[in-house]
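Shown here: data_32.cif, mmCIF, C-alpha atoms.
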data_query
#
loop_
_atom_site.label_atom_id
_atom_site.label_comp_id
_atom_site.auth_asym_id
_atom_site.auth_seq_id
_atom_site.Cartn_x
_atom_site.Cartn_y
_atom_site.Cartn_z
CA MET A 87 120.58 -33.99 -197.09
CA LYS A 88 118.52 -31.07 -195.81
CA LYS A 89 116.87 -33.29 -193.15
CA ILE A 90 120.27 -34.49 -191.92
CA LEU A 91 121.58 -30.92 -191.69
CA THR A 92 118.45 -29.84 -189.83
CA SER A 93 118.75 -32.79 -187.44
CA VAL A 94 122.40 -32.04 -186.70
CA LEU A 95 121.61 -28.37 -186.18
CA LEU A 96 118.81 -29.26 -183.75
CA MET A 97 121.13 -31.61 -181.82
CA VAL A 98 123.78 -28.90 -181.54
CA MET A 99 121.19 -26.43 -180.30
CA LEU A 100 119.92 -28.97 -177.77
CA VAL A 101 123.42 -29.61 -176.46
CA MET A 102 124.04 -25.86 -176.19
CA LEU A 103 120.78 -25.49 -174.30
CA ILE A 104 121.55 -28.28 -171.83
CA ALA A 105 125.28 -27.55 -171.34
CA PRO A 106 124.87 -24.71 -168.80
CA PHE A 107 122.89 -27.00 -166.51
CA VAL A 108 125.51 -29.71 -166.08
CA ASN A 109 126.35 -30.01 -162.38
CA ALA A 110 129.93 -31.17 -162.63
CA ALA A 111 132.15 -29.82 -159.88
CA THR A 112 134.73 -27.26 -160.89
CA SER A 113 137.58 -25.58 -159.12
CA ASP A 114 135.48 -22.40 -158.94
CA SER A 115 132.53 -24.07 -157.25
CA LEU A 116 134.38 -26.60 -155.06
CA ALA A 117 134.48 -24.45 -151.91
CA ASP A 118 130.79 -23.60 -152.21
CA SER A 119 129.85 -27.22 -152.87
CA LEU A 120 131.89 -28.47 -149.92
CA TYR A 121 130.40 -25.83 -147.66
CA SER A 122 126.84 -26.65 -148.70
CA LYS A 123 127.47 -30.36 -148.01
CA LEU A 124 129.52 -30.04 -144.82
CA SER A 125 128.18 -26.96 -143.03
CA ALA A 126 125.64 -29.12 -141.21
CA TYR A 127 128.53 -31.30 -140.02
CA GLY A 128 130.64 -28.48 -138.59
CA MET A 129 132.35 -26.80 -141.56
CA THR A 130 132.45 -23.08 -140.83
CA SER A 131 132.47 -20.13 -143.18
CA ALA A 132 136.01 -19.48 -141.93
CA GLU A 133 137.09 -22.88 -143.23
CA LYS A 134 135.33 -22.15 -146.52
CA VAL A 135 137.45 -19.01 -146.82
CA LYS A 136 140.59 -21.11 -146.29
CA VAL A 137 139.51 -23.50 -149.04
CA GLU A 138 138.75 -20.61 -151.39
CA ARG A 139 142.19 -19.09 -150.75
CA TYR A 140 143.91 -22.41 -151.36
CA LEU A 141 142.00 -22.99 -154.59
CA ALA A 142 142.75 -19.46 -155.80
CA ASP A 143 146.46 -20.27 -155.64
CA ASN A 144 146.16 -23.98 -156.52
CA PRO A 145 143.33 -24.62 -158.98
CA VAL A 146 142.09 -28.20 -159.31
CA THR A 147 140.71 -30.03 -162.29
CA ASP A 148 137.03 -30.87 -162.62
CA GLU A 149 137.86 -34.54 -162.05
CA GLN A 150 139.74 -33.73 -158.83
CA ALA A 151 136.88 -31.52 -157.61
CA SER A 152 134.37 -34.29 -158.33
CA ALA A 153 136.56 -36.84 -156.51
CA ILE A 154 136.80 -34.57 -153.45
CA LEU A 155 133.02 -34.08 -153.39
CA ALA A 156 132.55 -37.86 -153.67
CA LYS A 157 134.83 -38.29 -150.63
CA ALA A 158 132.78 -35.67 -148.78
CA ASP A 159 129.68 -37.73 -149.52
CA GLU A 160 131.47 -40.82 -148.14
CA ALA A 161 132.33 -38.97 -144.94
CA ILE A 162 128.74 -37.76 -144.60
CA ALA A 163 127.53 -41.35 -144.99
CA VAL A 164 129.84 -42.47 -142.17
CA MET A 165 128.58 -39.72 -139.87
CA ASP A 166 124.95 -40.40 -140.78
CA ALA A 167 125.48 -44.10 -140.05
CA GLU A 168 126.72 -43.10 -136.59
CA GLY A 169 123.69 -40.86 -136.14
CA THR A 170 125.62 -37.68 -135.36
CA LYS A 171 126.72 -34.47 -137.04
CA ASP A 172 129.53 -33.78 -134.55
CA ILE A 173 132.86 -35.46 -135.32
CA LYS A 174 133.71 -35.51 -131.60
CA GLU A 175 130.79 -37.86 -130.94
CA LEU A 176 131.93 -40.52 -133.43
CA SER A 177 133.20 -43.91 -132.38
CA LYS A 178 136.92 -44.57 -132.74
CA GLU A 179 136.30 -46.76 -135.80
CA ALA A 180 134.19 -44.07 -137.47
CA LYS A 181 136.81 -41.41 -136.71
CA ASN A 182 139.48 -43.60 -138.29
CA LYS A 183 137.26 -44.10 -141.35
CA ILE A 184 136.72 -40.32 -141.62
CA LYS A 185 140.48 -39.75 -141.32
CA SER A 186 141.11 -42.28 -144.07
CA ILE A 187 138.52 -40.65 -146.33
CA ALA A 188 140.02 -37.20 -145.65
CA GLN A 189 143.51 -38.51 -146.48
CA GLU A 190 142.23 -39.95 -149.76
CA ALA A 191 140.49 -36.69 -150.66
CA ALA A 192 143.60 -34.66 -149.83
CA SER A 193 145.85 -36.96 -151.82
CA THR A 194 143.80 -36.35 -154.99
CA ILE A 195 145.21 -32.81 -155.04
CA GLY A 196 148.67 -33.60 -153.68
CA LEU A 197 148.06 -32.81 -150.02
CA THR A 198 148.91 -34.86 -146.95
CA LEU A 199 147.07 -34.66 -143.64
CA THR A 200 148.61 -35.31 -140.23
CA PHE A 201 146.22 -35.77 -137.32
CA LYS A 202 147.53 -34.66 -133.93
CA VAL A 203 146.23 -35.06 -130.39
CA GLY A 204 143.57 -32.53 -129.44
CA GLY A 205 141.85 -32.48 -132.83
CA ILE A 206 144.63 -30.65 -134.64
CA VAL A 207 145.05 -31.39 -138.34
CA GLU A 208 148.16 -30.27 -140.19
CA VAL A 209 147.96 -29.94 -143.96
CA TYR A 210 151.15 -30.45 -145.98
CA LYS A 211 151.90 -29.85 -149.65
CA ASP A 212 155.18 -31.21 -150.98
CA GLY A 213 156.38 -31.77 -147.40
CA GLU A 214 155.75 -28.14 -146.39
CA LEU A 215 153.16 -27.22 -143.76
CA ILE A 216 150.58 -24.96 -145.39
CA GLU A 217 147.73 -24.98 -142.86
CA THR A 218 146.86 -26.03 -139.34
CA ALA A 219 143.25 -26.58 -138.41
CA THR A 220 141.47 -27.54 -135.22
CA LEU A 221 138.49 -29.86 -135.26
CA SER A 222 136.02 -27.80 -133.29
CA ASN A 223 132.72 -26.07 -133.81
CA SER A 224 134.21 -22.62 -133.38
CA ASP A 225 132.62 -19.63 -135.06
CA LYS A 226 135.80 -17.58 -135.09
CA LEU A 227 136.31 -15.61 -138.26
CA VAL A 228 139.39 -16.10 -140.35
CA TYR A 229 141.63 -13.20 -141.34
CA THR A 230 140.36 -12.02 -144.70
CA GLY A 231 143.14 -9.72 -145.89
CA ASN A 232 141.57 -6.44 -144.83
CA SER A 233 144.81 -4.75 -143.70
CA VAL A 234 144.59 -2.26 -146.58
CA ASN A 235 141.34 -0.84 -145.21
CA VAL A 236 142.78 -0.66 -141.68
CA ALA A 237 145.83 1.22 -142.98
CA PHE A 238 143.55 3.54 -144.96
CA VAL A 239 141.39 4.31 -141.91
CA ILE A 240 144.43 4.96 -139.67
CA THR A 241 146.03 7.19 -142.30
CA SER A 242 142.76 9.10 -142.73
CA VAL A 243 142.41 9.66 -138.97
CA VAL A 244 146.00 10.90 -138.74
CA ALA A 245 145.46 13.22 -141.72
CA ILE A 246 142.27 14.62 -140.18
CA ALA A 247 144.07 15.18 -136.88
CA LEU A 248 146.90 17.02 -138.65
CA VAL A 249 144.48 19.21 -140.57
CA ALA A 250 142.52 19.99 -137.39
CA THR A 251 145.73 20.92 -135.58
CA PHE A 252 146.83 23.13 -138.49
CA VAL A 253 143.42 24.89 -138.62
CA ALA A 254 143.41 25.40 -134.86
CA LYS A 255 146.89 26.97 -134.95
CA LYS A 256 145.90 29.14 -137.91
CA ARG A 257 142.83 30.44 -136.04
CA MET A 258 144.94 31.18 -132.98
CA THR A 259 147.43 33.23 -134.99
CA VAL A 260 144.69 35.06 -136.93
CA GLY A 261 142.69 35.79 -133.76
CA ALA A 262 145.73 37.06 -131.78
#

If you convert what's in this file into structure tokens, what do you get?
Amino acid sequence: MKKILTSVLLMVMLVMLIAPFVNAATSDSLADSLYSKLSAYGMTSAEKVKVERYLADNPVTDEQASAILAKADEAIAVMDAEGTKDIKELSKEAKNKIKSIAQEAASTIGLTLTFKVGGIVEVYKDGELIETATLSNSDKLVYTGNSVNVAFVITSVVAIALVATFVAKKRMTVGA
């Protein structure tokens, strides 16, 4: 009995030791995982920010995250087979395959993609447009919600100007 208890205890300890190293995708790591896989193929940090924002409001299950990463691997395989990392250089068949893979990945979390002329992709959730993206290798930064700091800086500058004006008037009346 003591040997069985010791064996079970050792197995539990082994599982607890190995558990932190499991590499299953989670909602928290999905944006980082996608970025690490797709940054070489044109995904920008701005797009990563968009994914992070979406996932903050719409968490996904581990199974959904794993399915999306598997679709990313499929898309990478298509691009590697074409010998390019730029989606604009793909053949029409490869572009259609990438679109199909993207649609499948989006559908796992209830999204629909609409591809427009000029490389514009519209993302819909429950029939409502939630995002518009352009397929380009642009390095433009995405708005990151920093309006509070801008308001704080403007308010501080105005306050300093008011204090300076008040001090200047006070000195003029004291000196006169």

Please indicate the distance in Å from CA of Ala132 in chain A to CA of Glu179 in chain A, rounded to one decimal place.
-> 28.0 Å

To one decimal place, how far is CA of Gly213 in chain A from CA of Gly196 in chain A in Å?
->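 CA of Gly213 in chain A sits 10.1 Å away from CA of Gly196 in chain A.
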
I'd like the residues picked by the PyMOL selection byres ((chain A and resi 154) around 12) written out as a compact mmCIF listing (two decimals) with C-alpha atoms, keeping the file's coordinate frame, using the chain letters and numbers from the file.
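What landed in expr-v7.txt:
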# COMPACT_ATOMS: atom_id res chain seq x y z
CA ALA A 110 129.93 -31.17 -162.63
CA ALA A 111 132.15 -29.82 -159.88
CA THR A 112 134.73 -27.26 -160.89
CA SER A 113 137.58 -25.58 -159.12
CA SER A 115 132.53 -24.07 -157.25
CA LEU A 116 134.38 -26.60 -155.06
CA ALA A 117 134.48 -24.45 -151.91
CA SER A 119 129.85 -27.22 -152.87
CA LEU A 120 131.89 -28.47 -149.92
CA LYS A 123 127.47 -30.36 -148.01
CA VAL A 146 142.09 -28.20 -159.31
CA THR A 147 140.71 -30.03 -162.29
CA ASP A 148 137.03 -30.87 -162.62
CA GLU A 149 137.86 -34.54 -162.05
CA GLN A 150 139.74 -33.73 -158.83
CA ALA A 151 136.88 -31.52 -157.61
CA SER A 152 134.37 -34.29 -158.33
CA ALA A 153 136.56 -36.84 -156.51
CA LEU A 155 133.02 -34.08 -153.39
CA ALA A 156 132.55 -37.86 -153.67
CA LYS A 157 134.83 -38.29 -150.63
CA ALA A 158 132.78 -35.67 -148.78
CA ASP A 159 129.68 -37.73 -149.52
CA GLU A 160 131.47 -40.82 -148.14
CA ALA A 161 132.33 -38.97 -144.94
CA ILE A 187 138.52 -40.65 -146.33
CA ALA A 188 140.02 -37.20 -145.65
CA GLN A 189 143.51 -38.51 -146.48
CA GLU A 190 142.23 -39.95 -149.76
CA ALA A 191 140.49 -36.69 -150.66
CA ALA A 192 143.60 -34.66 -149.83
CA SER A 193 145.85 -36.96 -151.82
CA THR A 194 143.80 -36.35 -154.99
CA ILE A 195 145.21 -32.81 -155.04
CA GLY A 196 148.67 -33.60 -153.68
CA LEU A 197 148.06 -32.81 -150.02

What does the distance between CA of Gly128 in chain A and CA of Lys174 in chain A come to in Å, to one decimal place?
->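 Here the two named atoms are 10.4 Å from each other.
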
Taking into account all atoms listed in the file, which residue in the set A:Glu168, A:Glu214, A:Glu138, A:Asp118 is nearest to Thr200 in chain A?
->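 Nearest to Thr200 in chain A: A:Glu214.
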
Need the neighbours of (146.2, -28.5, -133.5): which residues are at most 7 Å away, counting all atoms listed in the file, as a list of chain:residue names?
-> A:Lys202, A:Gly204, A:Gly205, A:Ile206, A:Val207, A:Thr218, A:Ala219, A:Thr220

Determine, counting only C-alpha atoms, which protein, DNA and RNA residues have an atom within 8 Å of an atom of Tyr127 in chain A; residues of the same chain fewer than 2 positions away are not included. Present the result as a ChimeraX atom specification.
-> /A:124-125,129,162,171-173

Quick one: 5 Å padding each side, axis-aligned, all listed atoms of range 146-157 of chain A - centre and edge lengths in Å to one decimal, as AutoDock Vina command-line options?
--center_x 137.3 --center_y -33.2 --center_z -156.6 --size_x 19.5 --size_y 20.1 --size_z 22.0

Nearest to Ser186 in chain A, chosen from A:Lys134, A:Val164, A:Tyr210, A:Thr170, with only C-alpha atoms counted in the distances =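 Answer, going by the shortest atom-to-atom distance: A:Val164.
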